[in-house]
>>> print(open('work25.cif').read())   # mmCIF, C-alpha atoms
data_entry
#
loop_
_atom_site.label_atom_id
_atom_site.label_comp_id
_atom_site.auth_asym_id
_atom_site.auth_seq_id
_atom_site.Cartn_x
_atom_site.Cartn_y
_atom_site.Cartn_z
CA MET Z 1 -83.38 7.38 9.36
CA ASP Z 2 -83.07 7.20 5.60
CA THR Z 3 -79.38 6.41 5.93
CA LEU Z 4 -80.06 3.48 8.27
CA ALA Z 5 -82.78 2.14 5.95
CA LEU Z 6 -80.45 2.37 2.93
CA GLU Z 7 -77.66 0.50 4.74
CA ALA Z 8 -80.09 -2.17 5.83
CA LYS Z 9 -81.34 -2.52 2.25
CA ASN Z 10 -77.80 -2.78 0.84
CA THR Z 11 -76.89 -5.35 3.46
CA SER Z 12 -79.89 -7.52 2.74
CA GLY Z 13 -79.60 -7.14 -1.07
CA GLY Z 14 -75.83 -7.92 -1.24
CA ALA Z 15 -76.00 -11.16 0.72
CA GLU Z 16 -75.44 -14.14 -1.49
CA PRO Z 17 -77.88 -17.00 -1.21
CA GLU Z 18 -76.49 -20.16 0.28
CA LYS Z 19 -75.39 -22.70 -2.35
CA LYS Z 20 -76.94 -26.11 -2.18
CA ALA Z 21 -74.46 -28.92 -1.73
CA ALA Z 22 -73.94 -30.96 -4.93
CA PRO Z 23 -75.36 -34.44 -4.62
CA ARG Z 24 -72.71 -37.09 -4.19
CA PRO Z 25 -72.50 -39.56 -7.08
CA ARG Z 26 -73.85 -42.92 -6.23
CA PRO Z 27 -71.20 -45.59 -6.15
CA LYS Z 28 -71.35 -47.88 -9.15
CA PRO Z 29 -72.38 -51.39 -8.36
CA PRO Z 30 -69.43 -53.82 -8.53
CA GLN Z 31 -69.16 -55.44 -11.94
CA LYS Z 32 -69.73 -59.10 -12.01
CA ALA Z 33 -66.68 -61.09 -13.00
CA LYS Z 34 -67.01 -62.51 -16.47
CA ARG Z 35 -67.44 -66.20 -16.48
CA ILE Z 36 -64.73 -68.01 -18.43
CA VAL Z 37 -65.95 -71.01 -20.35
CA TYR Z 38 -63.14 -73.52 -20.33
CA PHE Z 39 -62.69 -76.12 -23.04
CA GLU Z 40 -62.14 -79.81 -22.73
CA VAL Z 41 -59.67 -81.02 -25.34
CA GLU Z 42 -59.04 -84.61 -26.24
CA ILE Z 43 -56.19 -85.67 -28.51
CA LEU Z 44 -56.63 -88.81 -30.56
CA ASP Z 45 -54.27 -90.79 -32.74
CA SER Z 46 -55.14 -90.01 -36.37
CA LYS Z 47 -54.59 -93.62 -37.45
CA THR Z 48 -55.96 -95.75 -34.60
CA LYS Z 49 -58.38 -93.16 -33.12
CA GLU Z 50 -56.97 -94.10 -29.71
CA LYS Z 51 -57.29 -91.41 -27.06
CA LEU Z 52 -53.80 -90.18 -26.21
CA LEU Z 53 -54.59 -87.35 -23.79
CA LEU Z 54 -57.52 -85.49 -22.23
CA LEU Z 55 -56.91 -81.87 -21.31
CA ASP Z 56 -59.37 -80.33 -18.85
CA LYS Z 57 -59.99 -76.61 -18.30
CA VAL Z 58 -58.15 -75.32 -21.35
CA GLU Z 59 -58.56 -71.56 -21.71
CA PRO Z 60 -60.48 -70.42 -24.81
CA THR Z 61 -57.63 -68.09 -25.77
CA ALA Z 62 -55.15 -70.97 -25.94
CA THR Z 63 -53.44 -71.41 -29.29
CA VAL Z 64 -52.72 -74.64 -31.10
CA LEU Z 65 -49.08 -74.21 -30.06
CA ASP Z 66 -50.18 -74.02 -26.40
CA ILE Z 67 -52.08 -77.29 -26.81
CA LYS Z 68 -49.00 -78.87 -28.39
CA ALA Z 69 -46.93 -77.73 -25.40
CA LEU Z 70 -49.42 -79.31 -22.98
CA PHE Z 71 -49.37 -82.51 -25.02
CA HIS Z 72 -45.57 -82.47 -24.95
CA LYS Z 73 -45.56 -82.38 -21.14
CA SER Z 74 -47.39 -85.70 -21.04
CA ASN Z 75 -45.50 -87.16 -24.02
CA PRO Z 76 -41.91 -85.85 -23.99
CA GLN Z 77 -40.97 -87.84 -27.11
CA TRP Z 78 -43.29 -85.68 -29.22
CA TYR Z 79 -42.00 -82.12 -29.02
CA PRO Z 80 -44.20 -79.38 -30.55
CA ALA Z 81 -42.31 -79.17 -33.86
CA ARG Z 82 -42.87 -82.89 -34.36
CA GLN Z 83 -46.64 -82.68 -33.83
CA SER Z 84 -49.33 -82.15 -36.43
CA LEU Z 85 -52.85 -81.55 -35.10
CA HIS Z 86 -56.00 -81.80 -37.25
CA LEU Z 87 -59.72 -81.38 -36.65
CA ASP Z 88 -60.25 -84.38 -38.92
CA PRO Z 89 -57.81 -87.20 -39.75
CA LYS Z 90 -57.86 -86.19 -43.44
CA ALA Z 91 -57.93 -82.42 -42.88
CA LYS Z 92 -55.00 -80.03 -43.18
CA SER Z 93 -52.74 -79.47 -40.23
CA LEU Z 94 -53.74 -76.60 -37.95
CA LYS Z 95 -51.44 -73.60 -37.75
CA ASP Z 96 -49.68 -72.93 -34.44
CA GLU Z 97 -51.14 -69.43 -34.13
CA GLU Z 98 -54.80 -70.48 -34.51
CA ILE Z 99 -56.88 -69.82 -31.37
CA LEU Z 100 -59.04 -72.48 -29.77
CA HIS Z 101 -62.31 -70.52 -29.48
CA MET Z 102 -61.98 -69.40 -33.11
CA LEU Z 103 -61.96 -72.97 -34.40
CA PRO Z 104 -65.21 -74.69 -35.49
CA VAL Z 105 -65.40 -76.80 -32.33
CA GLY Z 106 -67.60 -76.93 -29.24
CA THR Z 107 -66.48 -76.74 -25.64
CA THR Z 108 -65.42 -80.35 -26.03
CA ALA Z 109 -62.90 -80.37 -28.86
CA SER Z 110 -61.24 -83.34 -30.49
CA PHE Z 111 -57.86 -83.06 -32.17
CA TYR Z 112 -56.20 -85.76 -34.24
CA PHE Z 113 -52.47 -86.17 -33.79
CA SER Z 114 -49.92 -87.17 -36.44
CA ASP Z 115 -46.22 -87.69 -35.85
CA LEU Z 116 -44.13 -85.71 -38.34
CA GLY Z 117 -40.98 -87.60 -37.42
CA SER Z 118 -37.63 -86.21 -36.34
CA GLN Z 119 -37.23 -82.55 -37.22
CA VAL Z 120 -34.26 -80.38 -38.13
CA ALA Z 121 -34.00 -76.59 -38.36
CA TRP Z 122 -34.55 -75.06 -41.77
CA ALA Z 123 -31.38 -72.99 -41.43
CA THR Z 124 -29.38 -76.19 -40.88
CA VAL Z 125 -30.81 -77.71 -44.06
CA PHE Z 126 -30.12 -74.58 -46.11
CA LEU Z 127 -26.56 -74.30 -44.87
CA THR Z 128 -25.84 -77.99 -45.46
CA GLU Z 129 -27.26 -78.01 -48.98
CA CYS Z 130 -25.22 -74.88 -49.86
CA VAL Z 131 -21.89 -75.69 -48.22
CA GLY Z 132 -21.80 -79.10 -49.94
CA PRO Z 133 -21.92 -77.82 -53.57
CA LEU Z 134 -19.41 -75.09 -52.73
CA LEU Z 135 -16.81 -77.56 -51.45
CA ILE Z 136 -17.55 -80.28 -54.00
CA TYR Z 137 -17.09 -77.91 -56.92
CA LEU Z 138 -13.77 -76.70 -55.53
CA MET Z 139 -12.55 -80.30 -55.24
CA PHE Z 140 -12.99 -80.72 -59.00
CA TYR Z 141 -11.62 -77.23 -59.72
CA PHE Z 142 -8.34 -77.98 -57.92
CA ARG Z 143 -8.35 -81.46 -59.52
CA LEU Z 144 -7.76 -83.46 -56.38
CA PRO Z 145 -6.35 -86.97 -56.83
CA PHE Z 146 -8.62 -89.85 -57.92
CA ILE Z 147 -10.88 -87.53 -59.95
CA TYR Z 148 -9.03 -87.32 -63.26
CA ALA Z 149 -5.94 -89.09 -64.57
CA PRO Z 150 -2.94 -88.91 -62.19
CA LYS Z 151 -1.01 -86.59 -64.51
CA TYR Z 152 -3.71 -83.91 -64.00
CA ASP Z 153 -3.61 -83.96 -60.17
CA PHE Z 154 -3.53 -80.42 -58.77
CA THR Z 155 -3.14 -78.89 -62.22
CA SER Z 156 -4.98 -75.83 -63.43
CA SER Z 157 -6.93 -75.20 -66.61
CA LYS Z 158 -5.59 -72.72 -69.13
CA LEU Z 159 -9.08 -71.60 -70.11
CA TRP Z 160 -10.32 -68.35 -68.54
CA VAL Z 161 -13.94 -69.49 -68.66
CA VAL Z 162 -13.15 -72.38 -66.30
CA HIS Z 163 -11.84 -69.98 -63.64
CA LEU Z 164 -14.73 -67.60 -64.24
CA ALA Z 165 -17.25 -70.42 -63.84
CA CYS Z 166 -15.67 -71.40 -60.53
CA MET Z 167 -15.88 -67.81 -59.27
CA CYS Z 168 -19.52 -67.51 -60.32
CA HIS Z 169 -20.49 -70.87 -58.80
CA SER Z 170 -18.71 -70.07 -55.54
CA PHE Z 171 -20.20 -66.57 -55.43
CA HIS Z 172 -23.71 -67.97 -55.85
CA TYR Z 173 -23.47 -70.41 -52.95
CA ILE Z 174 -21.58 -68.04 -50.66
CA LYS Z 175 -24.38 -65.53 -51.29
CA ARG Z 176 -26.98 -68.16 -50.35
CA ILE Z 177 -25.11 -69.01 -47.16
CA LEU Z 178 -24.91 -65.36 -46.10
CA GLU Z 179 -28.58 -64.82 -46.93
CA THR Z 180 -29.51 -67.82 -44.78
CA LEU Z 181 -27.55 -66.38 -41.87
CA PHE Z 182 -28.47 -62.70 -42.13
CA VAL Z 183 -31.41 -62.11 -44.50
CA HIS Z 184 -34.00 -64.87 -44.56
CA ARG Z 185 -36.77 -64.96 -41.97
CA ILE Z 186 -38.16 -68.47 -42.07
CA SER Z 187 -41.71 -68.78 -40.73
CA HIS Z 188 -41.51 -72.56 -40.36
CA GLY Z 189 -38.74 -73.35 -37.91
CA THR Z 190 -38.19 -76.99 -38.79
CA MET Z 191 -38.61 -79.61 -41.48
CA PRO Z 192 -38.49 -83.43 -41.44
CA LEU Z 193 -34.99 -84.83 -40.97
CA ARG Z 194 -35.36 -87.04 -44.05
CA ASN Z 195 -35.57 -83.92 -46.23
CA ILE Z 196 -31.98 -83.01 -45.51
CA PHE Z 197 -30.83 -86.16 -47.30
CA LYS Z 198 -33.13 -85.52 -50.25
CA ASN Z 199 -32.17 -81.85 -50.62
CA CYS Z 200 -28.47 -82.43 -50.13
CA GLY Z 201 -28.48 -85.38 -52.52
CA TYR Z 202 -30.04 -83.19 -55.20
CA TYR Z 203 -27.65 -80.23 -54.87
CA TRP Z 204 -24.52 -82.24 -54.17
CA PHE Z 205 -25.04 -84.63 -57.09
CA PHE Z 206 -25.60 -81.87 -59.63
CA ALA Z 207 -22.65 -79.87 -58.28
CA ALA Z 208 -20.36 -82.88 -58.78
CA TRP Z 209 -21.80 -83.67 -62.22
CA MET Z 210 -21.39 -80.17 -63.65
CA ALA Z 211 -18.03 -79.59 -61.95
CA TYR Z 212 -16.61 -82.81 -63.41
CA TYR Z 213 -17.22 -81.67 -66.99
CA ILE Z 214 -16.47 -77.96 -66.59
CA ASN Z 215 -13.12 -78.64 -64.92
CA HIS Z 216 -12.23 -81.65 -67.08
CA PRO Z 217 -8.85 -81.37 -68.83
CA LEU Z 218 -10.60 -81.97 -72.19
CA TYR Z 219 -13.26 -79.29 -71.64
CA THR Z 220 -13.74 -77.01 -74.65
CA PRO Z 221 -14.81 -73.34 -74.37
CA PRO Z 222 -18.19 -72.02 -75.61
CA TYR Z 223 -18.75 -71.95 -79.35
CA TYR Z 224 -19.07 -68.14 -79.67
CA GLY Z 225 -16.10 -67.47 -77.43
CA GLN Z 226 -15.58 -64.31 -75.42
CA GLN Z 227 -18.77 -62.60 -76.58
CA GLN Z 228 -20.90 -65.51 -75.37
CA ILE Z 229 -19.05 -65.67 -72.06
CA GLN Z 230 -19.37 -61.94 -71.36
CA THR Z 231 -23.06 -61.81 -72.25
CA ALA Z 232 -23.76 -64.79 -70.00
CA LEU Z 233 -21.75 -63.18 -67.19
CA TYR Z 234 -23.87 -60.00 -67.38
CA VAL Z 235 -27.05 -62.08 -67.21
CA PHE Z 236 -25.68 -64.05 -64.26
CA LEU Z 237 -24.69 -60.97 -62.25
CA PHE Z 238 -27.89 -59.09 -63.09
CA CYS Z 239 -30.03 -61.96 -61.84
CA GLN Z 240 -27.92 -62.44 -58.73
CA VAL Z 241 -28.42 -58.80 -57.74
CA GLY Z 242 -32.11 -59.10 -58.55
CA ASN Z 243 -32.50 -62.24 -56.47
CA PHE Z 244 -30.79 -60.57 -53.51
CA SER Z 245 -33.00 -57.48 -53.87
CA ILE Z 246 -36.16 -59.60 -53.74
CA HIS Z 247 -34.95 -61.43 -50.66
CA VAL Z 248 -34.30 -58.12 -48.88
CA ALA Z 249 -37.74 -56.82 -49.91
CA LEU Z 250 -39.40 -59.96 -48.55
CA ARG Z 251 -37.43 -59.66 -45.32
CA ASN Z 252 -38.60 -56.07 -44.82
CA LEU Z 253 -42.20 -57.08 -45.46
CA LYS Z 254 -42.78 -58.25 -41.89
CA PRO Z 255 -41.05 -57.66 -38.54
CA PRO Z 256 -39.06 -60.39 -36.78
CA GLY Z 257 -41.21 -63.11 -35.20
CA SER Z 258 -44.34 -62.06 -37.07
CA ARG Z 259 -46.31 -64.58 -39.09
CA VAL Z 260 -48.76 -62.09 -40.54
CA LYS Z 261 -48.76 -62.44 -44.31
CA LYS Z 262 -48.75 -59.36 -46.51
CA ILE Z 263 -48.81 -58.75 -50.24
CA PRO Z 264 -45.27 -58.00 -51.49
CA TYR Z 265 -45.04 -54.88 -53.61
CA ALA Z 266 -42.30 -53.20 -55.61
CA THR Z 267 -40.04 -50.77 -53.74
CA LYS Z 268 -37.79 -47.95 -54.94
CA ASN Z 269 -35.23 -50.56 -55.93
CA PRO Z 270 -35.65 -51.11 -59.71
CA PHE Z 271 -34.88 -54.82 -59.33
CA THR Z 272 -38.11 -55.21 -57.35
CA TRP Z 273 -40.30 -53.68 -60.07
CA ILE Z 274 -40.82 -57.16 -61.47
CA PHE Z 275 -43.35 -57.55 -58.62
CA PHE Z 276 -45.78 -55.72 -60.92
CA LEU Z 277 -45.86 -58.82 -63.14
CA VAL Z 278 -44.72 -61.80 -61.07
CA SER Z 279 -45.69 -63.25 -57.69
CA CYS Z 280 -42.36 -65.00 -57.01
CA PRO Z 281 -39.61 -62.97 -58.70
CA ASN Z 282 -36.95 -64.57 -56.51
CA TYR Z 283 -37.54 -67.77 -58.49
CA THR Z 284 -37.55 -65.81 -61.76
CA TYR Z 285 -34.13 -64.35 -60.98
CA GLU Z 286 -32.86 -67.74 -59.78
CA VAL Z 287 -33.80 -69.37 -63.08
CA GLY Z 288 -32.15 -66.47 -64.94
CA THR Z 289 -28.98 -67.00 -62.92
CA TRP Z 290 -28.66 -70.60 -64.02
CA ILE Z 291 -29.57 -69.79 -67.62
CA GLY Z 292 -26.64 -67.36 -67.61
CA PHE Z 293 -24.37 -70.02 -66.11
CA THR Z 294 -25.53 -72.54 -68.71
CA VAL Z 295 -24.75 -70.19 -71.60
CA MET Z 296 -21.41 -69.28 -70.03
CA THR Z 297 -20.20 -72.86 -69.66
CA GLN Z 298 -22.15 -74.43 -72.55
CA CYS Z 299 -22.33 -77.60 -70.47
CA VAL Z 300 -25.13 -80.19 -70.72
CA PRO Z 301 -25.22 -81.07 -66.97
CA VAL Z 302 -25.68 -77.39 -66.14
CA ALA Z 303 -28.53 -77.12 -68.65
CA PHE Z 304 -30.20 -80.18 -67.15
CA PHE Z 305 -29.82 -78.78 -63.63
CA THR Z 306 -31.39 -75.51 -64.84
CA LEU Z 307 -34.32 -77.36 -66.40
CA VAL Z 308 -35.02 -79.48 -63.31
CA GLY Z 309 -34.71 -76.43 -61.08
CA PHE Z 310 -37.09 -74.45 -63.27
CA ILE Z 311 -39.72 -77.21 -63.07
CA GLN Z 312 -39.44 -77.41 -59.28
CA MET Z 313 -39.53 -73.64 -58.79
CA THR Z 314 -42.55 -73.40 -61.07
CA VAL Z 315 -44.39 -75.82 -58.79
CA TRP Z 316 -43.45 -73.74 -55.74
CA ALA Z 317 -44.37 -70.47 -57.47
CA ARG Z 318 -47.79 -71.75 -58.53
CA GLY Z 319 -48.53 -72.88 -54.98
CA LYS Z 320 -47.48 -69.51 -53.58
CA HIS Z 321 -49.53 -67.70 -56.23
CA ARG Z 322 -52.66 -69.71 -55.38
CA SER Z 323 -52.09 -68.98 -51.71
CA TYR Z 324 -51.91 -65.24 -52.40
CA LEU Z 325 -55.11 -65.30 -54.45
CA LYS Z 326 -56.90 -67.24 -51.72
CA GLU Z 327 -55.81 -65.06 -48.81
CA PHE Z 328 -56.02 -61.58 -50.40
CA ARG Z 329 -59.08 -60.42 -52.29
CA ASP Z 330 -57.25 -57.35 -53.57
CA TYR Z 331 -54.28 -59.30 -54.89
CA PRO Z 332 -53.01 -57.85 -58.22
CA THR Z 333 -54.60 -59.83 -61.04
CA LEU Z 334 -51.89 -58.92 -63.55
CA ARG Z 335 -49.30 -61.09 -61.83
CA SER Z 336 -48.21 -64.51 -63.03
CA PRO Z 337 -46.52 -67.10 -60.77
CA ILE Z 338 -42.98 -67.05 -62.22
CA LEU Z 339 -42.85 -65.84 -65.86
CA PRO Z 340 -44.67 -62.61 -66.83
CA PHE Z 341 -47.80 -63.27 -68.91
CA VAL Z 342 -46.69 -66.87 -69.56
CA LEU Z 343 -46.47 -69.05 -66.48
#
>>> encode(input="work25.cif", output="structure tokens")
Amino acid sequence: MDTLALEAKNTSGGAEPEKKAAPRPRPKPPQKAKRIVYFEVEILDSKTKEKLLLLDKVEPTATVLDIKALFHKSNPQWYPARQSLHLDPKAKSLKDEEILHMLPVGTTASFYFSDLGSQVAWATVFLTECVGPLLIYLMFYFRLPFIYAPKYDFTSSKLWVVHLACMCHSFHYIKRILETLFVHRISHGTMPLRNIFKNCGYYWFFAAWMAYYINHPLYTPPYYGQQQIQTALYVFLFCQVGNFSIHVALRNLKPPGSRVKKIPYATKNPFTWIFFLVSCPNYTYEVGTWIGFTVMTQCVPVAFFTLVGFIQMTVWARGKHRSYLKEFRDYPTLRSPILPFVL
């Protein structure tokens, strides 16, 4: 009897209670599709205020470049690179990467269109303005007919500095050509076609002017002779290497296709350490290159070309420096545009 009671007790005590079924999760209510607020964009002529195009249902994420592409479909003669769009006729041109809903406009936006004229690729301009001086200088170096007196046709100078100057001049422009092809990343793809005539006229004229006197049969060597030539050569080569180093550093600053601006800093390359003091050291080295060439040749046209180039590069450097200060709050305050502590 006791045994049967014990078995019954063990049986009843060892039985596990039935587990309650877990409640099924309630299905989430379907999310309502977000309503997209489309924009209505009208494009007006900046001079006449005439309405050129009305774009309906433009997505808010559309960029200025997208709007240019839509405008180009209706007006094939104005391709995107030729267009300049403004929020006000007197305002600055909008950047291609700016987004529509980020601009200070309502759902009905008005853009003012300006025709920039025929455009040409920057690389084409750079190559043309560099190939010209290279070939023009060589024409004077080899003393082709109709340049000097007939008795000097295809003759060669006996002065070593004349041959050295030709090598340095050729090296400089060959370097620029190779940098244009393999180093530079140009954010702006095109420039007005008229600029190619202005740029080429500037470089080609000065190349012919300096080459005429350096390669002239009556050219006289520098006053201090070999010591002056060697010192100038060291300055020239030093600045050429420095200029190339800066161009490589600027290339590595951003990946291909990116337009995000960053502050350039010095790298492990000692030639880039000038970034501690200067915003545009590529211009600093470029000016140094031509100062070296001026001292080497002791030629007035070269000195004048160096002076004009320095003035122009100073203008560019100041503009770039102001742009850095405006865009980056943490931009190094010790830097000067082109000359440390001076300019």
>>> resolve_selection(input="work25.cif", expression="the PyMOL selection byres ((chain Z and resi 281-293) around 10)", output="MDAnalysis selection string")
chainID Z and resid 165 168:169 172 228:247 250 271:280 294:299 302:303 305:307 309:314 316:317 336:340
>>> atom_distance(input="work25.cif", atom1="atom CA of Z:Pro89", atom2="atom CA of Z:Ile196")
26.8 Å
>>> resolve_selection(input="work25.cif", expression="the PyMOL selection byres ((chain Z and resi 61-75) around 6)", output="tab-separated table (two decimals) with C-alpha atoms, in the frame of the given file")
chain	number	residue	atom	x	y	z
Z	59	GLU	CA	-58.56	-71.56	-21.71
Z	60	PRO	CA	-60.48	-70.42	-24.81
Z	76	PRO	CA	-41.91	-85.85	-23.99
Z	77	GLN	CA	-40.97	-87.84	-27.11
Z	78	TRP	CA	-43.29	-85.68	-29.22
Z	79	TYR	CA	-42.00	-82.12	-29.02
Z	80	PRO	CA	-44.20	-79.38	-30.55
Z	96	ASP	CA	-49.68	-72.93	-34.44
Z	97	GLU	CA	-51.14	-69.43	-34.13
Z	98	GLU	CA	-54.80	-70.48	-34.51
Z	99	ILE	CA	-56.88	-69.82	-31.37
Z	100	LEU	CA	-59.04	-72.48	-29.77
>>> resolve_selection(input="work25.cif", expression="the PyMOL selection byres ((chain Z and resi 85) around 7)", output="list in words")
Gln83, Ser84, His86, Ser93, Leu94, Phe111, Tyr112, Phe113 and Ser114 of chain Z
>>> closest_residue(input="work25.cif", among="Z:Ser46, Z:Gln227, Z:Asn195, Z:Asn269", to="Z:Ala121", atoms="only C-alpha atoms")
Z:Asn195
>>> atom_distance(input="work25.cif", atom1="atom CA of Z:Gln119", atom2="atom CA of Z:Lys95")
16.8 Å
>>> closest_residue(input="work25.cif", among="Z:Glu179, Z:Glu129, Z:Asp115, Z:Glu40", to="Z:Arg82", atoms="all atoms listed in the file")
Z:Asp115
>>> closest_residue(input="work25.cif", among="Z:Lys57, Z:Lys268, Z:Arg185, Z:Lys254", to="Z:Ala109", atoms="only C-alpha atoms")
Z:Lys57
>>> closest_residue(input="work25.cif", among="Z:Tyr202, Z:Ser156, Z:Ala91, Z:Thr107", to="Z:Ile36", atoms="all atoms listed in the file")
Z:Thr107
>>> residues_around(input="work25.cif", residues="Z:Pro192", least_positions_apart="6", cutoff="7 Å", atoms="only C-alpha atoms", output="PDB file with C-alpha atoms, in the frame of the given file")
ATOM      1  CA  LEU Z 116     -44.130 -85.710 -38.340  1.00  0.00           C
ATOM      2  CA  GLY Z 117     -40.980 -87.600 -37.420  1.00  0.00           C
ATOM      3  CA  SER Z 118     -37.630 -86.210 -36.340  1.00  0.00           C
ATOM      4  CA  GLN Z 119     -37.230 -82.550 -37.220  1.00  0.00           C
ATOM      5  CA  VAL Z 120     -34.260 -80.380 -38.130  1.00  0.00           C
TER       6      VAL Z 120
END
>>> closest_residue(input="work25.cif", among="Z:Ser258, Z:Val342, Z:Gly106, Z:Lys151", to="Z:His188", atoms="only C-alpha atoms")
Z:Ser258
>>> closest_residue(input="work25.cif", among="Z:Val183, Z:Leu44, Z:Ala208, Z:Ile214", to="Z:Trp160", atoms="all atoms listed in the file")
Z:Ile214
